[in-house]
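Trainee: Got a structure here, written out as structure tokens. Questions coming.
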Amino acid sequence: MSPPMSFRNITNYVIPAKAGIQTCRKDQIMVFFLILMFVAMINPVFAQSSSSSLKATAVSIPGGEGGIGFDDLVFSSELHKVLVPAGHTGKLYLIDPASFAIVSLGGFSSSAAMQKGHEAGISSADEGEGFIFAVDHGKQKLVAVDLKSGAVAVSADLAGDADYVRYVGVNHEIWVTEPHDKRIETFSFSVANHSMSRAAMMMFVNDGPESLVIDPLRGRAYTNLGPQAAAIDIKSHAVVGKWPNECEKSRGDALDEQRGFLFVSCGEGKAEVFDLNQNNKKLSELATDPGPDVISYNAKLSHLYFTSSKNATLSVLGVSAKGVLSLLGQAQADNRAHCVVSDDQNNIWVCDPPHGQLLRYKDSL
């Protein structure tokens, strides 16, 4: 596609240097404004806000030369590491955001060729109490790796195909979402005994669950159940609240725990903010590029990060004290970029599945 005309080109085209015929001026002015409207339509406001300060640095993942089916990225504030489940490679990589040093953990299933994140190896992981918990699709197991030894300490069979895994420290539990079976499977974990056992009760839901965010401050977990957002009590495992998320396609969630803001991404291209302290009141929404999935939030900067798997963009949204969203800038990403995470160094990490790497941006906005 040819670049849109600049304002200078439009002016020169519509109003000739020698405009001596006054009867043409009204028509010329009308054409001028019609062209301006056309340019505005093909260049939405958010697309014009791209920031040249968001530059990507490629961080290659060992074994990713043929591509990696990334799905979930997590930053561990305890370890100060980005957790990167690397799909078919059979490895979980821990990246130091300050030095870019990479450490790998093994013991997971692997395959020779790249497959989608939910079809091979590991696609989701979380950290808690000195262990890494990961879902292994090849073995259909939940695996706990002891960080001291780097070895698998214990594993347990999963009842279905897993999506997200999150550690709930207050309960010493691991929660695993299984959207195809419309449930969340929970496991009790003993650090002292290195034992893992499935909880007696599974959480069954009508639709979803899509995404999973833990809120220790309020004793809640949040997920999307089709066109609704839902709050789950951590201790009782009961769904204690539902409200419309106004998405045609519910995708990822992120949380500002201190301010009580829950962020929801809609696959059609929309960001939303709900106030958990005001009965889940909707505070604002903002149109984004279509195709967002996993999203992330930097509480220190009050910045929300969205990627577009359709327009190949990274968007940085500002969040005001009242929960109002605004676009601060955009950058180029890969056209299959659907996962993003931020760290404590104000870096943004975006997955680049076809190239088996992560794109790292410094948030200076």
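As shown in the structure tokens, the chain order sets the letters A, B, ...; within each chain, residues go from 1, and ligands are also counted from 1 in the order they appear.
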For Val103 (chain A), list every protein, DNA or RNA residue within 8 Å, evaluated using only C-alpha atoms, and leave out those in the same chain fewer than 2 positions away; present the list as a ChimeraX atom specification.

Mentor: /A:93-95,101,105

Trainee: Please produce an output containing N, CA, C and O atoms for each residue in the selection, written as a PDB file, in the first residue's frame.

Mentor:
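Contents of the output file again_14.pdb:
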ATOM      1  N   TYR A  93      12.853 -21.442  30.049  1.00  0.00           N
ATOM      2  CA  TYR A  93      13.970 -20.510  30.131  1.00  0.00           C
ATOM      3  C   TYR A  93      13.644 -19.377  31.103  1.00  0.00           C
ATOM      4  O   TYR A  93      12.527 -18.858  31.122  1.00  0.00           O
ATOM      5  N   LEU A  94      14.631 -19.017  31.907  1.00  0.00           N
ATOM      6  CA  LEU A  94      14.537 -17.901  32.842  1.00  0.00           C
ATOM      7  C   LEU A  94      15.495 -16.822  32.360  1.00  0.00           C
ATOM      8  O   LEU A  94      16.709 -17.067  32.251  1.00  0.00           O
ATOM      9  N   ILE A  95      14.958 -15.642  32.059  1.00  0.00           N
ATOM     10  CA  ILE A  95      15.767 -14.556  31.520  1.00  0.00           C
ATOM     11  C   ILE A  95      15.914 -13.451  32.564  1.00  0.00           C
ATOM     12  O   ILE A  95      14.927 -12.971  33.126  1.00  0.00           O
ATOM     13  N   ALA A 101      20.928 -12.600  30.650  1.00  0.00           N
ATOM     14  CA  ALA A 101      21.438 -13.952  30.868  1.00  0.00           C
ATOM     15  C   ALA A 101      20.274 -14.935  30.890  1.00  0.00           C
ATOM     16  O   ALA A 101      19.206 -14.649  31.457  1.00  0.00           O
ATOM     17  N   LEU A 105      15.743 -24.806  32.303  1.00  0.00           N
ATOM     18  CA  LEU A 105      15.325 -25.944  33.115  1.00  0.00           C
ATOM     19  C   LEU A 105      14.723 -26.979  32.179  1.00  0.00           C
ATOM     20  O   LEU A 105      13.934 -26.637  31.290  1.00  0.00           O
TER      21      LEU A 105
END

Trainee: Tell me which protein, DNA and RNA residues are within 9 Å of Thr288 (chain A), counting only C-alpha atoms, leaving out same-chain ones fewer than 5 positions away, and put them as a list of chain:residue names.

Mentor: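 Result of the neighbour search: A:Phe46, A:Glu268, A:Gly269, A:Lys270, A:Ala271, A:Phe306, A:Thr307, A:Ser308, A:Ser315, A:Leu327.
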
Trainee: Write the residues of the selection above to a file with N, CA, C and O atoms, as a PDB file, in the first residue's frame.

Mentor:
ATOM      1  N   PHE A  46      -5.327   5.923  17.001  1.00  0.00           N
ATOM      2  CA  PHE A  46      -4.342   5.154  17.727  1.00  0.00           C
ATOM      3  C   PHE A  46      -3.167   4.774  16.853  1.00  0.00           C
ATOM      4  O   PHE A  46      -2.047   4.625  17.328  1.00  0.00           O
ATOM      5  N   GLU A 268     -11.754  -8.721  19.458  1.00  0.00           N
ATOM      6  CA  GLU A 268     -12.153  -7.877  18.332  1.00  0.00           C
ATOM      7  C   GLU A 268     -11.360  -6.576  18.290  1.00  0.00           C
ATOM      8  O   GLU A 268     -11.402  -5.840  17.299  1.00  0.00           O
ATOM      9  N   GLY A 269     -10.642  -6.267  19.402  1.00  0.00           N
ATOM     10  CA  GLY A 269      -9.818  -5.065  19.439  1.00  0.00           C
ATOM     11  C   GLY A 269     -10.340  -4.028  20.399  1.00  0.00           C
ATOM     12  O   GLY A 269     -10.782  -2.946  19.994  1.00  0.00           O
ATOM     13  N   LYS A 270     -10.270  -4.335  21.710  1.00  0.00           N
ATOM     14  CA  LYS A 270     -10.788  -3.402  22.705  1.00  0.00           C
ATOM     15  C   LYS A 270     -10.150  -3.701  24.057  1.00  0.00           C
ATOM     16  O   LYS A 270      -9.942  -4.862  24.418  1.00  0.00           O
ATOM     17  N   ALA A 271      -9.830  -2.632  24.811  1.00  0.00           N
ATOM     18  CA  ALA A 271      -9.347  -2.744  26.186  1.00  0.00           C
ATOM     19  C   ALA A 271     -10.393  -2.164  27.115  1.00  0.00           C
ATOM     20  O   ALA A 271     -10.991  -1.124  26.811  1.00  0.00           O
ATOM     21  N   PHE A 306      -0.654  -4.257  25.188  1.00  0.00           N
ATOM     22  CA  PHE A 306      -1.466  -5.072  24.294  1.00  0.00           C
ATOM     23  C   PHE A 306      -0.638  -5.404  23.049  1.00  0.00           C
ATOM     24  O   PHE A 306       0.100  -4.558  22.548  1.00  0.00           O
ATOM     25  N   THR A 307      -0.796  -6.598  22.524  1.00  0.00           N
ATOM     26  CA  THR A 307      -0.241  -6.905  21.209  1.00  0.00           C
ATOM     27  C   THR A 307      -1.379  -7.239  20.250  1.00  0.00           C
ATOM     28  O   THR A 307      -2.477  -7.606  20.679  1.00  0.00           O
ATOM     29  N   SER A 308      -1.115  -7.102  18.964  1.00  0.00           N
ATOM     30  CA  SER A 308      -2.092  -7.450  17.937  1.00  0.00           C
ATOM     31  C   SER A 308      -1.502  -8.530  17.045  1.00  0.00           C
ATOM     32  O   SER A 308      -0.481  -8.306  16.399  1.00  0.00           O
ATOM     33  N   SER A 315       1.051  -2.173  21.613  1.00  0.00           N
ATOM     34  CA  SER A 315       0.461  -0.907  22.037  1.00  0.00           C
ATOM     35  C   SER A 315       0.710  -0.698  23.522  1.00  0.00           C
ATOM     36  O   SER A 315       0.556  -1.624  24.326  1.00  0.00           O
ATOM     37  N   LEU A 327      -3.921   5.935  24.633  1.00  0.00           N
ATOM     38  CA  LEU A 327      -2.818   5.336  23.907  1.00  0.00           C
ATOM     39  C   LEU A 327      -1.592   6.227  24.004  1.00  0.00           C
ATOM     40  O   LEU A 327      -1.631   7.393  23.640  1.00  0.00           O
TER      41      LEU A 327
END

Trainee: Counting only C-alpha atoms, what is within 7 Å of region 229-245 of chain A, bar same-chain residues fewer than 6 positions away, as a PyMOL selection string?

Mentor: chain A and resi 203+219-223

Trainee: Might you pull out every residue within 8 Å of Ala144 (chain A), with only C-alpha atoms counted and same-chain residues fewer than 6 positions away left off, and present them as a ChimeraX atom specification?

Mentor: /A:131-134,152-155

Trainee: Would you put the residues from that selection into a file with C-alpha atoms, as a PDB file, in the first residue's frame?

Mentor:
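Everything below was put into part_4.pdb:
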ATOM      1  CA  PHE A 131       9.557 -24.088  42.720  1.00  0.00           C
ATOM      2  CA  ILE A 132       8.507 -23.654  39.123  1.00  0.00           C
ATOM      3  CA  PHE A 133       5.139 -25.164  38.201  1.00  0.00           C
ATOM      4  CA  ALA A 134       4.552 -25.938  34.533  1.00  0.00           C
ATOM      5  CA  VAL A 152      11.754 -32.242  38.655  1.00  0.00           C
ATOM      6  CA  ALA A 153      10.637 -32.770  42.248  1.00  0.00           C
ATOM      7  CA  VAL A 154       7.167 -34.148  41.639  1.00  0.00           C
ATOM      8  CA  SER A 155       4.489 -34.369  38.963  1.00  0.00           C
TER       9      SER A 155
END

Trainee: Between CA of Gly267 (chain A) and CA of Pro292 (chain A), what is the distance in Å, rounded to a tenth?

Mentor: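 Separation of CA of Gly267 (chain A) and CA of Pro292 (chain A): 5.4 Å.
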
Trainee: Excluding Val82 (chain A) and its own-chain neighbours fewer than 4 positions away, which residues fall within 9 Å of it when counting only C-alpha atoms? Please give them as a PyMOL selection string.

Mentor: chain A and resi 73-77+93-97+341-343+349

Trainee: Any chance you could export the current selection's N, CA and C atoms as a PDB file, in the first residue's frame?

Mentor:
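As written to disk, result02.pdb reads:
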ATOM      1  N   LEU A  73       3.654 -15.940  28.967  1.00  0.00           N
ATOM      2  CA  LEU A  73       4.880 -15.408  29.547  1.00  0.00           C
ATOM      3  C   LEU A  73       4.549 -14.844  30.924  1.00  0.00           C
ATOM      4  N   VAL A  74       5.451 -15.060  31.888  1.00  0.00           N
ATOM      5  CA  VAL A  74       5.230 -14.604  33.260  1.00  0.00           C
ATOM      6  C   VAL A  74       6.503 -13.966  33.780  1.00  0.00           C
ATOM      7  N   PHE A  75       6.367 -12.879  34.544  1.00  0.00           N
ATOM      8  CA  PHE A  75       7.518 -12.325  35.256  1.00  0.00           C
ATOM      9  C   PHE A  75       7.394 -12.670  36.724  1.00  0.00           C
ATOM     10  N   SER A  76       8.441 -13.275  37.294  1.00  0.00           N
ATOM     11  CA  SER A  76       8.472 -13.607  38.712  1.00  0.00           C
ATOM     12  C   SER A  76       9.173 -12.477  39.458  1.00  0.00           C
ATOM     13  N   SER A  77       8.420 -11.759  40.292  1.00  0.00           N
ATOM     14  CA  SER A  77       9.024 -10.681  41.077  1.00  0.00           C
ATOM     15  C   SER A  77       9.932 -11.248  42.162  1.00  0.00           C
ATOM     16  N   TYR A  93      12.853 -21.442  30.049  1.00  0.00           N
ATOM     17  CA  TYR A  93      13.970 -20.510  30.131  1.00  0.00           C
ATOM     18  C   TYR A  93      13.644 -19.377  31.103  1.00  0.00           C
ATOM     19  N   LEU A  94      14.631 -19.017  31.907  1.00  0.00           N
ATOM     20  CA  LEU A  94      14.537 -17.901  32.842  1.00  0.00           C
ATOM     21  C   LEU A  94      15.495 -16.822  32.360  1.00  0.00           C
ATOM     22  N   ILE A  95      14.958 -15.642  32.059  1.00  0.00           N
ATOM     23  CA  ILE A  95      15.767 -14.556  31.520  1.00  0.00           C
ATOM     24  C   ILE A  95      15.914 -13.451  32.564  1.00  0.00           C
ATOM     25  N   ASP A  96      17.157 -13.057  32.815  1.00  0.00           N
ATOM     26  CA  ASP A  96      17.445 -11.930  33.688  1.00  0.00           C
ATOM     27  C   ASP A  96      17.232 -10.646  32.880  1.00  0.00           C
ATOM     28  N   PRO A  97      16.278  -9.800  33.267  1.00  0.00           N
ATOM     29  CA  PRO A  97      15.983  -8.604  32.456  1.00  0.00           C
ATOM     30  C   PRO A  97      17.082  -7.558  32.472  1.00  0.00           C
ATOM     31  N   VAL A 341       4.674  -9.598  28.349  1.00  0.00           N
ATOM     32  CA  VAL A 341       4.814  -9.468  29.797  1.00  0.00           C
ATOM     33  C   VAL A 341       5.799  -8.332  30.072  1.00  0.00           C
ATOM     34  N   SER A 342       5.609  -7.645  31.206  1.00  0.00           N
ATOM     35  CA  SER A 342       6.520  -6.591  31.630  1.00  0.00           C
ATOM     36  C   SER A 342       7.321  -7.087  32.832  1.00  0.00           C
ATOM     37  N   ASP A 343       8.448  -6.412  33.108  1.00  0.00           N
ATOM     38  CA  ASP A 343       9.284  -6.803  34.244  1.00  0.00           C
ATOM     39  C   ASP A 343       9.534  -5.609  35.154  1.00  0.00           C
ATOM     40  N   TRP A 349       8.319  -7.506  27.084  1.00  0.00           N
ATOM     41  CA  TRP A 349       8.756  -8.693  26.360  1.00  0.00           C
ATOM     42  C   TRP A 349       7.587  -9.224  25.537  1.00  0.00           C
TER      43      TRP A 349
END

Trainee: Using only C-alpha atoms, which of A:Gly150, A:Asp71, A:Leu79, A:Tyr167 sits nearest Gly106 (chain A)?

Mentor: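 Smallest distance to Gly106 (chain A) is found for A:Gly150.
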
Trainee: Contacts of region 276-279 of chain A at 7 Å or less, counting only C-alpha atoms, minus same-chain residues fewer than 2 places along, as an NGL selection string?

Mentor: :A and (260-262 or 274 or 281)

Trainee: Grab the residues selected above and save them as an mmCIF file, in the first residue's frame with C-alpha atoms.

Mentor:
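Below is the file result-v2.cif, written as the result:
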data_model
loop_
_atom_site.group_PDB
_atom_site.id
_atom_site.type_symbol
_atom_site.label_atom_id
_atom_site.label_comp_id
_atom_site.auth_asym_id
_atom_site.auth_seq_id
_atom_site.Cartn_x
_atom_site.Cartn_y
_atom_site.Cartn_z
ATOM 1 C CA GLY A 260 -8.357 -2.555 42.275
ATOM 2 C CA PHE A 261 -8.443 -2.204 38.484
ATOM 3 C CA LEU A 262 -9.128 -5.307 36.408
ATOM 4 C CA PHE A 274 -13.347 -2.464 35.769
ATOM 5 C CA LYS A 281 -18.036 -0.787 37.758
#

Trainee: When DSSP works through the backbone of this structure, what residues of region 18-260 of chain A end up as helix (DSSP H, G or I), shown as a VMD selection string?

Mentor: chain A and resid 22 to 42 46 to 49 169 to 171 179 to 181

Trainee: Take the residues just selected and output them with C-alpha atoms as a compact mmCIF listing (two decimals), in the first residue's frame.

Mentor:
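Dumped everything to again_4.txt:
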# COMPACT_ATOMS: atom_id res chain seq x y z
CA GLN A 22 -12.85 32.47 -7.55
CA THR A 23 -15.80 30.31 -8.60
CA CYS A 24 -13.67 27.17 -8.06
CA ARG A 25 -12.55 27.98 -4.54
CA LYS A 26 -15.62 26.58 -2.74
CA ASP A 27 -15.37 23.35 -4.67
CA GLN A 28 -11.64 23.18 -4.00
CA ILE A 29 -12.12 23.71 -0.29
CA MET A 30 -14.83 21.06 -0.19
CA VAL A 31 -12.54 18.53 -1.92
CA PHE A 32 -9.76 19.49 0.47
CA PHE A 33 -11.85 18.59 3.53
CA LEU A 34 -13.18 15.41 1.95
CA ILE A 35 -9.62 14.23 1.40
CA LEU A 36 -8.72 15.10 4.98
CA MET A 37 -11.66 13.00 6.20
CA PHE A 38 -10.56 10.09 4.01
CA VAL A 39 -7.01 10.21 5.36
CA ALA A 40 -8.38 10.26 8.93
CA MET A 41 -10.52 7.20 8.19
CA ILE A 42 -7.65 5.10 6.86
CA PHE A 46 -4.34 5.15 17.73
CA ALA A 47 -2.27 4.26 14.66
CA GLN A 48 -0.91 7.80 14.46
CA SER A 49 0.39 7.62 18.03
CA GLY A 169 0.50 -18.99 47.72
CA VAL A 170 -2.04 -18.33 50.48
CA ASN A 171 -3.52 -21.81 49.91
CA PRO A 179 -11.06 -24.54 28.82
CA HIS A 180 -12.00 -27.51 26.63
CA ASP A 181 -13.51 -29.20 29.69

Trainee: What's around Leu301 (chain A) at 10 Å? Count only C-alpha atoms, leave out sequence neighbours fewer than 2 positions away in its own chain, and write the answer as an MDAnalysis selection string.

Mentor: chainID A and resid 297:299 303:304 318:319 346 363:365

Trainee: Let me see the file: selected residues, all heavy atoms, as a PDB file, in the first residue's frame.

Mentor:
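That gives us result27.pdb:
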ATOM      1  N   TYR A 297       0.591  -5.687  32.673  1.00  0.00           N
ATOM      2  CA  TYR A 297       0.452  -4.370  33.296  1.00  0.00           C
ATOM      3  C   TYR A 297       1.678  -4.058  34.135  1.00  0.00           C
ATOM      4  O   TYR A 297       2.181  -4.916  34.872  1.00  0.00           O
ATOM      5  CB  TYR A 297      -0.801  -4.340  34.177  1.00  0.00           C
ATOM      6  CG  TYR A 297      -1.036  -3.021  34.878  1.00  0.00           C
ATOM      7  CD1 TYR A 297      -1.397  -1.890  34.158  1.00  0.00           C
ATOM      8  CD2 TYR A 297      -0.907  -2.912  36.266  1.00  0.00           C
ATOM      9  CE1 TYR A 297      -1.624  -0.672  34.799  1.00  0.00           C
ATOM     10  CE2 TYR A 297      -1.138  -1.701  36.911  1.00  0.00           C
ATOM     11  CZ  TYR A 297      -1.497  -0.587  36.159  1.00  0.00           C
ATOM     12  OH  TYR A 297      -1.714   0.617  36.800  1.00  0.00           O
ATOM     13  N   ASN A 298       2.176  -2.824  34.027  1.00  0.00           N
ATOM     14  CA  ASN A 298       3.270  -2.328  34.840  1.00  0.00           C
ATOM     15  C   ASN A 298       2.686  -1.339  35.846  1.00  0.00           C
ATOM     16  O   ASN A 298       2.320  -0.219  35.483  1.00  0.00           O
ATOM     17  CB  ASN A 298       4.321  -1.641  33.948  1.00  0.00           C
ATOM     18  CG  ASN A 298       5.531  -1.150  34.711  1.00  0.00           C
ATOM     19  OD1 ASN A 298       5.432  -0.683  35.843  1.00  0.00           O
ATOM     20  ND2 ASN A 298       6.698  -1.234  34.089  1.00  0.00           N
ATOM     21  N   ALA A 299       2.581  -1.784  37.117  1.00  0.00           N
ATOM     22  CA  ALA A 299       1.946  -0.940  38.137  1.00  0.00           C
ATOM     23  C   ALA A 299       2.776   0.288  38.454  1.00  0.00           C
ATOM     24  O   ALA A 299       2.226   1.341  38.817  1.00  0.00           O
ATOM     25  CB  ALA A 299       1.709  -1.760  39.403  1.00  0.00           C
ATOM     26  N   HIS A 303       1.098   1.495  33.144  1.00  0.00           N
ATOM     27  CA  HIS A 303       1.025   1.232  31.712  1.00  0.00           C
ATOM     28  C   HIS A 303       0.498  -0.177  31.463  1.00  0.00           C
ATOM     29  O   HIS A 303       0.901  -1.129  32.134  1.00  0.00           O
ATOM     30  CB  HIS A 303       2.413   1.359  31.072  1.00  0.00           C
ATOM     31  CG  HIS A 303       2.904   2.766  30.963  1.00  0.00           C
ATOM     32  ND1 HIS A 303       4.136   3.103  30.420  1.00  0.00           N
ATOM     33  CD2 HIS A 303       2.317   3.949  31.320  1.00  0.00           C
ATOM     34  CE1 HIS A 303       4.292   4.406  30.465  1.00  0.00           C
ATOM     35  NE2 HIS A 303       3.206   4.942  30.997  1.00  0.00           N
ATOM     36  N   LEU A 304      -0.383  -0.280  30.477  1.00  0.00           N
ATOM     37  CA  LEU A 304      -0.981  -1.543  30.069  1.00  0.00           C
ATOM     38  C   LEU A 304      -0.474  -1.895  28.684  1.00  0.00           C
ATOM     39  O   LEU A 304      -0.398  -1.031  27.808  1.00  0.00           O
ATOM     40  CB  LEU A 304      -2.506  -1.399  30.072  1.00  0.00           C
ATOM     41  CG  LEU A 304      -3.362  -2.627  29.773  1.00  0.00           C
ATOM     42  CD1 LEU A 304      -3.184  -3.700  30.840  1.00  0.00           C
ATOM     43  CD2 LEU A 304      -4.843  -2.227  29.676  1.00  0.00           C
ATOM     44  N   GLY A 318      -1.791   4.136  28.625  1.00  0.00           N
ATOM     45  CA  GLY A 318      -1.690   4.758  29.932  1.00  0.00           C
ATOM     46  C   GLY A 318      -2.986   4.566  30.703  1.00  0.00           C
ATOM     47  O   GLY A 318      -4.077   4.527  30.117  1.00  0.00           O
ATOM     48  N   VAL A 319      -2.882   4.422  32.028  1.00  0.00           N
ATOM     49  CA  VAL A 319      -4.051   4.246  32.886  1.00  0.00           C
ATOM     50  C   VAL A 319      -4.036   5.361  33.924  1.00  0.00           C
ATOM     51  O   VAL A 319      -3.122   5.438  34.757  1.00  0.00           O
ATOM     52  CB  VAL A 319      -4.037   2.874  33.592  1.00  0.00           C
ATOM     53  CG1 VAL A 319      -5.308   2.691  34.404  1.00  0.00           C
ATOM     54  CG2 VAL A 319      -3.859   1.742  32.593  1.00  0.00           C
ATOM     55  N   ASN A 346      11.218  -2.066  33.678  1.00  0.00           N
ATOM     56  CA  ASN A 346      10.454  -1.309  32.681  1.00  0.00           C
ATOM     57  C   ASN A 346      10.704  -1.821  31.261  1.00  0.00           C
ATOM     58  O   ASN A 346      10.630  -1.057  30.291  1.00  0.00           O
ATOM     59  CB  ASN A 346      10.739   0.188  32.753  1.00  0.00           C
ATOM     60  CG  ASN A 346      10.247   0.812  34.042  1.00  0.00           C
ATOM     61  OD1 ASN A 346       9.387   0.251  34.725  1.00  0.00           O
ATOM     62  ND2 ASN A 346      10.796   1.956  34.400  1.00  0.00           N
ATOM     63  N   ASP A 363      10.407   0.561  27.924  1.00  0.00           N
ATOM     64  CA  ASP A 363       9.285   1.489  28.033  1.00  0.00           C
ATOM     65  C   ASP A 363       9.792   2.814  28.575  1.00  0.00           C
ATOM     66  O   ASP A 363      10.013   2.975  29.776  1.00  0.00           O
ATOM     67  CB  ASP A 363       8.205   0.909  28.939  1.00  0.00           C
ATOM     68  CG  ASP A 363       6.949   1.755  28.974  1.00  0.00           C
ATOM     69  OD1 ASP A 363       6.986   2.885  28.454  1.00  0.00           O
ATOM     70  OD2 ASP A 363       5.933   1.299  29.521  1.00  0.00           O
ATOM     71  N   SER A 364       9.943   3.771  27.696  1.00  0.00           N
ATOM     72  CA  SER A 364      10.400   5.118  28.078  1.00  0.00           C
ATOM     73  C   SER A 364       9.305   6.154  27.888  1.00  0.00           C
ATOM     74  O   SER A 364       9.574   7.352  27.877  1.00  0.00           O
ATOM     75  CB  SER A 364      11.631   5.503  27.258  1.00  0.00           C
ATOM     76  OG  SER A 364      11.343   5.453  25.865  1.00  0.00           O
ATOM     77  N   LEU A 365       8.067   5.699  27.707  1.00  0.00           N
ATOM     78  CA  LEU A 365       6.954   6.619  27.437  1.00  0.00           C
ATOM     79  C   LEU A 365       6.436   7.270  28.713  1.00  0.00           C
ATOM     80  O   LEU A 365       6.558   6.715  29.794  1.00  0.00           O
ATOM     81  CB  LEU A 365       5.831   5.860  26.732  1.00  0.00           C
ATOM     82  CG  LEU A 365       6.212   5.246  25.377  1.00  0.00           C
ATOM     83  CD1 LEU A 365       5.043   4.467  24.816  1.00  0.00           C
ATOM     84  CD2 LEU A 365       6.645   6.319  24.407  1.00  0.00           C
TER      85      LEU A 365
END
